[in-house]
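Source file: work_26.cif; contents: mmCIF, C-alpha atoms and all ligand atoms.
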data_start
#
loop_
_atom_site.label_atom_id
_atom_site.label_comp_id
_atom_site.auth_asym_id
_atom_site.auth_seq_id
_atom_site.Cartn_x
_atom_site.Cartn_y
_atom_site.Cartn_z
CA MET H 1 0.00 0.00 0.00
CA ALA H 2 1.18 3.50 -0.78
CA VAL H 3 1.76 5.57 2.32
CA ALA H 4 -0.54 8.59 2.19
CA ILE H 5 1.92 11.42 2.39
CA ALA H 6 0.70 14.98 2.23
CA MET H 7 2.76 17.49 0.34
CA ASP H 8 2.06 21.19 0.65
CA ALA H 9 3.21 24.69 -0.25
CA GLN H 10 6.46 24.13 1.62
CA THR H 11 7.16 21.11 -0.60
CA VAL H 12 6.86 23.29 -3.70
CA THR H 13 9.13 25.99 -2.27
CA ALA H 14 11.66 23.37 -1.14
CA TRP H 15 11.60 21.76 -4.61
CA MET H 16 12.19 25.08 -6.39
CA ASN H 17 15.02 25.92 -3.97
CA GLU H 18 16.58 22.47 -4.58
CA ILE H 19 16.40 23.06 -8.34
CA ALA H 20 17.96 26.50 -7.97
CA ALA H 21 20.83 25.05 -5.92
CA SER H 22 21.60 22.21 -8.33
CA VAL H 23 21.32 24.41 -11.42
CA ARG H 24 23.70 26.90 -9.76
CA ALA H 25 26.15 24.09 -8.93
CA GLU H 26 25.97 22.64 -12.47
CA ARG H 27 25.68 25.94 -14.35
CA ASP H 28 29.05 25.67 -16.11
CA TYR H 29 28.43 22.03 -17.06
CA LEU H 30 25.07 22.99 -18.62
CA VAL H 31 26.78 25.86 -20.45
CA GLN H 32 29.39 23.43 -21.83
CA LEU H 33 26.73 20.99 -23.04
CA ASP H 34 24.84 23.84 -24.74
CA ALA H 35 28.06 25.27 -26.22
CA ALA H 36 28.59 21.95 -28.06
CA ILE H 37 25.22 21.86 -29.85
CA GLY H 38 23.56 25.21 -29.11
CA ASP H 39 24.56 28.72 -28.09
CA GLY H 40 26.03 28.02 -24.66
CA ASP H 41 23.48 29.86 -22.54
CA HIS H 42 21.44 27.01 -21.01
CA GLY H 43 23.16 27.03 -17.60
CA ILE H 44 23.02 30.82 -17.45
CA ASN H 45 19.35 30.85 -18.48
CA LEU H 46 18.23 28.35 -15.87
CA ASN H 47 20.45 29.78 -13.15
CA ARG H 48 18.95 33.23 -13.69
CA GLY H 49 15.43 31.81 -13.93
CA PHE H 50 15.46 29.62 -10.82
CA ASP H 51 17.24 32.28 -8.75
CA ALA H 52 14.36 34.59 -9.68
CA VAL H 53 11.88 31.84 -8.73
CA THR H 54 13.53 31.43 -5.33
CA LEU H 55 13.31 35.19 -4.76
CA ALA H 56 9.66 35.36 -5.91
CA LEU H 57 8.66 32.47 -3.63
CA SER H 58 10.42 34.01 -0.62
CA THR H 59 7.93 36.90 -0.81
CA GLU H 60 4.90 34.58 -1.07
CA PRO H 61 4.81 32.59 2.16
CA ASP H 62 1.05 31.97 2.14
CA GLY H 63 0.22 30.63 -1.33
CA THR H 64 -1.31 27.23 -2.06
CA PRO H 65 0.96 24.67 -3.82
CA GLY H 66 -0.88 25.35 -7.08
CA LYS H 67 -0.46 29.12 -6.81
CA LEU H 68 3.25 28.80 -6.00
CA LEU H 69 3.85 26.60 -9.05
CA ILE H 70 1.98 29.09 -11.24
CA LEU H 71 4.07 31.95 -9.81
CA SER H 72 7.24 29.91 -10.45
CA GLY H 73 6.22 29.28 -14.05
CA LYS H 74 5.39 32.93 -14.69
CA THR H 75 8.72 33.96 -13.19
CA LEU H 76 10.62 31.59 -15.51
CA VAL H 77 8.77 32.92 -18.55
CA SER H 78 9.58 36.52 -17.64
CA THR H 79 13.25 35.98 -16.75
CA VAL H 80 14.51 33.36 -19.23
CA GLY H 81 14.98 34.31 -22.86
CA GLY H 82 15.94 30.88 -24.25
CA ALA H 83 13.60 28.08 -25.31
CA SER H 84 13.84 26.46 -21.89
CA GLY H 85 12.18 29.43 -20.11
CA PRO H 86 8.82 29.37 -21.89
CA LEU H 87 8.85 25.54 -21.99
CA TRP H 88 9.51 24.94 -18.26
CA GLY H 89 7.54 28.10 -17.44
CA SER H 90 4.38 26.84 -19.07
CA ALA H 91 5.05 23.37 -17.65
CA LEU H 92 5.09 24.66 -14.07
CA ARG H 93 2.02 26.84 -14.69
CA LYS H 94 0.07 23.85 -16.01
CA ALA H 95 1.32 21.69 -13.14
CA GLY H 96 0.09 24.37 -10.73
CA ARG H 97 -3.29 24.54 -12.41
CA ALA H 98 -3.57 20.74 -12.17
CA LEU H 99 -3.11 20.97 -8.39
CA GLY H 100 -6.02 23.38 -8.04
CA ASP H 101 -6.64 25.42 -4.87
CA GLU H 102 -6.14 22.77 -2.21
CA PRO H 103 -3.59 23.33 0.57
CA THR H 104 -2.08 19.83 0.14
CA PHE H 105 -1.57 17.25 -2.60
CA ASP H 106 -0.84 13.53 -2.63
CA LEU H 107 1.22 11.29 -4.90
CA ALA H 108 -1.60 10.78 -7.42
CA GLN H 109 -2.00 14.55 -7.75
CA LEU H 110 1.76 14.95 -8.11
CA VAL H 111 1.74 12.45 -10.99
CA ASP H 112 -1.16 14.34 -12.62
CA ALA H 113 0.73 17.61 -12.22
CA MET H 114 3.90 16.19 -13.80
CA ALA H 115 1.84 14.69 -16.64
CA ALA H 116 0.30 18.15 -17.21
CA ALA H 117 3.81 19.64 -17.27
CA LEU H 118 4.92 17.15 -19.93
CA ALA H 119 1.77 17.73 -22.00
CA SER H 120 2.32 21.47 -21.94
CA ILE H 121 5.97 21.16 -23.05
CA GLN H 122 4.86 18.93 -25.93
CA ASP H 123 1.95 21.24 -26.87
CA LEU H 124 4.23 24.24 -26.97
CA GLY H 125 7.41 22.72 -28.42
CA ALA H 126 5.93 19.88 -30.51
CA ALA H 127 8.79 17.54 -29.58
CA VAL H 128 8.24 13.79 -29.31
CA PRO H 129 10.53 11.25 -27.59
CA GLY H 130 13.62 10.73 -29.76
CA ASP H 131 13.89 14.36 -30.89
CA LYS H 132 16.81 14.96 -28.45
CA THR H 133 15.10 17.43 -26.09
CA MET H 134 13.98 17.74 -22.49
CA VAL H 135 11.03 15.49 -23.45
CA ASP H 136 13.49 12.55 -23.60
CA ALA H 137 14.10 12.93 -19.86
CA LEU H 138 10.66 14.05 -18.69
CA GLU H 139 8.53 11.50 -20.55
CA PRO H 140 10.23 8.43 -19.01
CA ALA H 141 10.10 10.11 -15.59
CA VAL H 142 6.34 10.61 -15.84
CA THR H 143 5.92 7.02 -17.07
CA ALA H 144 7.95 5.76 -14.10
CA MET H 145 5.83 7.84 -11.71
CA ARG H 146 2.62 6.41 -13.18
CA GLY H 147 4.06 2.90 -12.83
CA GLY H 148 5.03 3.56 -9.22
CA LEU H 149 1.55 4.83 -8.44
CA ALA H 150 -0.07 1.78 -10.07
CA ARG H 151 1.97 -0.68 -8.01
CA GLY H 152 1.51 1.26 -4.77
CA ALA H 153 5.16 2.24 -4.46
CA SER H 154 6.28 4.49 -1.62
CA SER H 155 6.94 8.13 -2.46
CA GLY H 156 10.69 7.54 -2.10
CA GLU H 157 10.68 4.53 -4.40
CA MET H 158 8.45 6.27 -6.96
CA LEU H 159 10.60 9.36 -7.14
CA ARG H 160 13.84 7.39 -7.20
CA SER H 161 12.62 5.38 -10.17
CA ALA H 162 11.50 8.62 -11.85
CA ALA H 163 14.93 10.21 -11.35
CA GLU H 164 16.68 7.10 -12.66
CA ALA H 165 14.39 7.00 -15.70
CA ALA H 166 15.07 10.69 -16.38
CA GLU H 167 18.83 10.13 -16.17
CA ALA H 168 18.64 7.10 -18.48
CA GLY H 169 16.60 9.23 -20.91
CA MET H 170 19.18 12.01 -20.63
CA ARG H 171 22.04 9.63 -21.50
CA ALA H 172 20.00 8.17 -24.36
CA THR H 173 20.02 11.61 -26.05
CA ILE H 174 23.77 11.25 -26.80
CA PRO H 175 23.43 9.16 -29.99
CA MET H 176 20.29 11.01 -31.15
CA GLN H 177 20.15 13.58 -33.93
CA ALA H 178 18.33 16.72 -32.78
CA ARG H 179 15.04 17.39 -34.54
CA LYS H 180 13.81 20.35 -32.43
CA GLY H 181 15.35 23.55 -31.14
CA ARG H 182 18.67 25.17 -31.93
CA ALA H 183 20.61 21.87 -31.95
CA SER H 184 18.53 20.70 -34.93
CA TYR H 185 20.32 23.30 -37.11
CA LEU H 186 23.45 21.13 -36.76
CA GLY H 187 21.82 18.12 -38.37
CA GLU H 188 24.04 15.04 -38.03
CA ARG H 189 26.66 17.06 -36.15
CA SER H 190 24.32 17.09 -33.13
CA ILE H 191 24.94 13.32 -32.78
CA GLY H 192 27.34 12.30 -29.99
CA HIS H 193 26.44 15.09 -27.53
CA GLN H 194 24.14 14.95 -24.51
CA ASP H 195 21.19 17.32 -24.73
CA PRO H 196 21.45 20.20 -22.22
CA GLY H 197 17.69 20.46 -21.66
CA ALA H 198 17.39 16.73 -20.98
CA THR H 199 20.28 17.10 -18.53
CA SER H 200 18.68 19.96 -16.56
CA THR H 201 15.35 18.11 -16.63
CA ALA H 202 16.99 15.09 -15.00
CA MET H 203 18.32 17.50 -12.34
CA ILE H 204 14.80 18.88 -11.81
CA ILE H 205 13.45 15.35 -11.20
CA ARG H 206 16.38 14.48 -8.91
CA ALA H 207 15.60 17.66 -6.96
CA LEU H 208 11.97 16.51 -6.64
CA GLU H 209 13.16 13.15 -5.30
CA ARG H 210 15.36 14.83 -2.68
CA THR H 211 12.51 17.15 -1.69
CA VAL H 212 9.87 14.45 -1.36
CA ALA H 213 12.29 12.18 0.51
CA GLY H 214 12.42 14.96 3.11
CA THR H 215 8.62 15.09 3.46
CA PRO H 216 7.48 13.74 6.85
P1 LIG C 1 17.96 28.14 -26.52
O1 LIG C 1 18.00 26.89 -27.33
O2 LIG C 1 16.88 29.09 -26.97
O3 LIG C 1 19.29 28.79 -26.36
P2 LIG C 1 18.23 26.90 -23.91
O4 LIG C 1 19.68 26.80 -24.26
O5 LIG C 1 17.91 27.48 -22.58
O6 LIG C 1 17.44 27.69 -25.04
O7 LIG C 1 17.57 25.47 -23.93
C1 LIG C 1 17.94 24.48 -24.88
C2 LIG C 1 17.17 23.21 -24.59
O8 LIG C 1 15.78 23.42 -24.80
C3 LIG C 1 17.53 22.06 -25.50
O9 LIG C 1 18.64 21.36 -25.01
C4 LIG C 1 16.26 21.22 -25.52
O10 LIG C 1 16.28 20.24 -24.51
C5 LIG C 1 15.18 22.21 -25.19
N1 LIG C 1 14.34 22.47 -26.35
C6 LIG C 1 14.59 23.28 -27.41
N2 LIG C 1 13.56 23.27 -28.28
C7 LIG C 1 12.64 22.41 -27.74
C8 LIG C 1 11.33 21.96 -28.15
N3 LIG C 1 10.75 22.40 -29.28
N4 LIG C 1 10.68 21.08 -27.35
C9 LIG C 1 11.24 20.65 -26.20
N5 LIG C 1 12.45 21.05 -25.76
C10 LIG C 1 13.13 21.91 -26.51
MG MG C 2 20.92 27.80 -25.52
#

Let me see the structure of the file written as C-alpha cells.
Ligand code: ADP
Ligand code: MG
Amino acid sequence: MAVAIAMDAQTVTAWMNEIAASVRAERDYLVQLDAAIGDGDHGINLNRGFDAVTLALSTEPDGTPGKLLILSGKTLVSTVGGASGPLWGSALRKAGRALGDEPTFDLAQLVDAMAAALASIQDLGAAVPGDKTMVDALEPAVTAMRGGLARGASSGEMLRSAAEAAEAGMRATIPMQARKGRASYLGERSIGHQDPGATSTAMIIRALERTVAGTP
C-alpha cells in the first residue's frame, strides 16, 4: 500500500530551492553541453530563472501549492529568454493549475501535475521522444511515476525510479540527432552530444526526489 503522504506549499518551495541550488552548482556544465550543440546559454538561463523563482517564492509565504507553481512558471517565462524558459515556465504553470486550490496534494496529484507539465511542453514545443530534447528525460520520468503509483510504491521509491528514468533518458540523447530547437540546425553534427535540456530536466526530477524524501 502506498503511504498517504501529504505534500504542501512548503514542498513546492523546497523543490524550487533544490532546483535553484543544483542548477547553480551545475551551471558551467550545462553551459558546456549547450556550447557543443547550441549557443552556450542554457546554464546561465536556468540559473537566472530559478534564482528569480527562489526570490519570488520568498515573498509569497502563504500561497497554495498550485499558486506557487503558477508563480514559479510565470517567473521563468519573464526571466529566461531561451527556449527552456517558456517551456519549463508553461510546464510549471500547467502543473500548478492541475493541483487546483487545495492546501495539500498527494502522490496521485503529483503524478497528474507532472503529466500536465509534460503535456504542456509537448503542446508548446511539438517535440516527441527521440527528438533529443527535455522530453526525452521528462517523458520516461512521468511514465515511471505512473508505474510507481499503479503498483503502490512508496513516495521515495516512486521518485527514485523517476529520477533514474530521467537520467537514463538524458544519456539516451547522446546518440540522437536533434530534430527540435537550436541543436537541430546542426543536423548530423548534433549526434554524440548529450542534450542540455534533458540534462537539466533530469536535475529537476532528482531535486523533486530529494525534496519528497524529506517530506514527513
Ligand atoms: P535556446 O536553445 O533558446 O538557447 P536553452 O539553451 O535554454 O534555449 O535550452 C535548450 C534546450 O531546450 C535544448 O537542449 C532542448 O532540450 C530544449 N528544447 C529546445 N527546443 C525544444 C522543443 N521544441 N521542445 C522541447 N524542448 C526543446
Ligand atoms: Mg541555448

Quiz prompt | Cut-off 7 Å, only C-alpha atoms and all ligand atoms, neighbours of ligand LIG 1 (chain C) as a PyMOL selection string | solution = chain H and resi 34+38-42+45-46+81-85+87+121-122+125-127+132-135+180-182+195-198

Quiz prompt | Point-to-point distance from atom CA of H:Arg27 to atom CA of H:Ala178, Å rounded to tenths | solution =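 Taking atom CA of H:Arg27 and atom CA of H:Ala178, their separation equals 21.9 Å.
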
Practice problem: Find the residue from H:Glu139, H:Asp62, H:Asp8, H:Glu167 that sits nearest to H:Ala117; use all atoms listed in the file when measuring. | Solution: H:Glu139

Quiz item: When you draw a straight line from atom CA of H:Ile191 to atom CA of H:Leu33, how long is it in Å?
Solution: 12.5 Å

Exercise. Pick out the residues sitting within 10 Å of H:Gly63, and hand them over as a ChimeraX atom specification; count all atoms listed in the file, and ignore anything fewer than 3 positions along from it in its own chain.
Key: /H:8-10,57,59-60,66-69,71,101,103

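Atom pair atom CA of H:Leu55 / atom CA of H:Ala20: separated by 10.4 Å.
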
Exercise. Can you work out which one of H:Gly100, H:Gly192, H:Gly147, H:Gly49 has the shortest atom-to-atom distance to H:Ser72, counting all atoms listed in the file?
Key: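 Answer, going by the shortest atom-to-atom distance: H:Gly49.
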
Exercise. Go through H:Ala183, H:Ala98, H:Ala116, H:Ile174 and flag the residue nearest ligand MG 2 (chain C), using all atoms listed in the file for the distances.
Key: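 Distance minimum relative to ligand MG 2 (chain C) lands on H:Ala183.
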
Self-check item: Given only C-alpha atoms and all ligand atoms as the counted atoms, nearest of H:Ile44, H:Ala95, H:Ala202, H:Ala166 to ligand MG 2 (chain C)
Solution: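 When distances to ligand MG 2 (chain C) are compared using only C-alpha atoms and all ligand atoms, the smallest one comes from H:Ile44.
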
Practice problem: Pick out the closest residue to ligand MG 2 (chain C) from this set: H:Gly43, H:Tyr29, H:Ala6, H:Arg24. Count only C-alpha atoms and all ligand atoms. | Solution: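 That would be H:Gly43, the residue with the smallest distance to ligand MG 2 (chain C).
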
Quiz prompt | Using only C-alpha atoms and all ligand atoms: which of H:Ala25, H:Ile204, H:Leu30, H:Ala153 has the shortest distance to ligand MG 2 (chain C) | solution = H:Leu30

Quiz item: Contacts of H:Arg210 at 9 Å or less, counting all atoms listed in the file, minus same-chain residues fewer than 3 places along, as a ChimeraX atom specification?
Solution: /H:15,18,156,159-160,205-207,213-214

Exercise. Would you kindly return, as a PyMOL selection string, each protein, DNA or RNA residue with an atom no farther than 6 Å from any atom of H:Ala162, considering only C-alpha atoms and excluding same-chain residues fewer than 3 positions away?
Key: chain H and resi 141+144-145+159+165

Quiz item: Neighbours of H:Met170 within 6 Å (all atoms listed in the file; same-chain residues fewer than 2 positions away dropped), as a count of residues only?
Solution: 7

Surrounding residues of H:Arg93 excluding itself and chain neighbours under 5 positions, 7 Å, only C-alpha atoms, as a tab-separated table (two decimals) with C-alpha atoms, in the coordinates of the input:
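The result, stored in part.tsv:
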chain	number	residue	atom	x	y	z
H	69	LEU	CA	3.85	26.60	-9.05
H	70	ILE	CA	1.98	29.09	-11.24
H	73	GLY	CA	6.22	29.28	-14.05
H	74	LYS	CA	5.39	32.93	-14.69
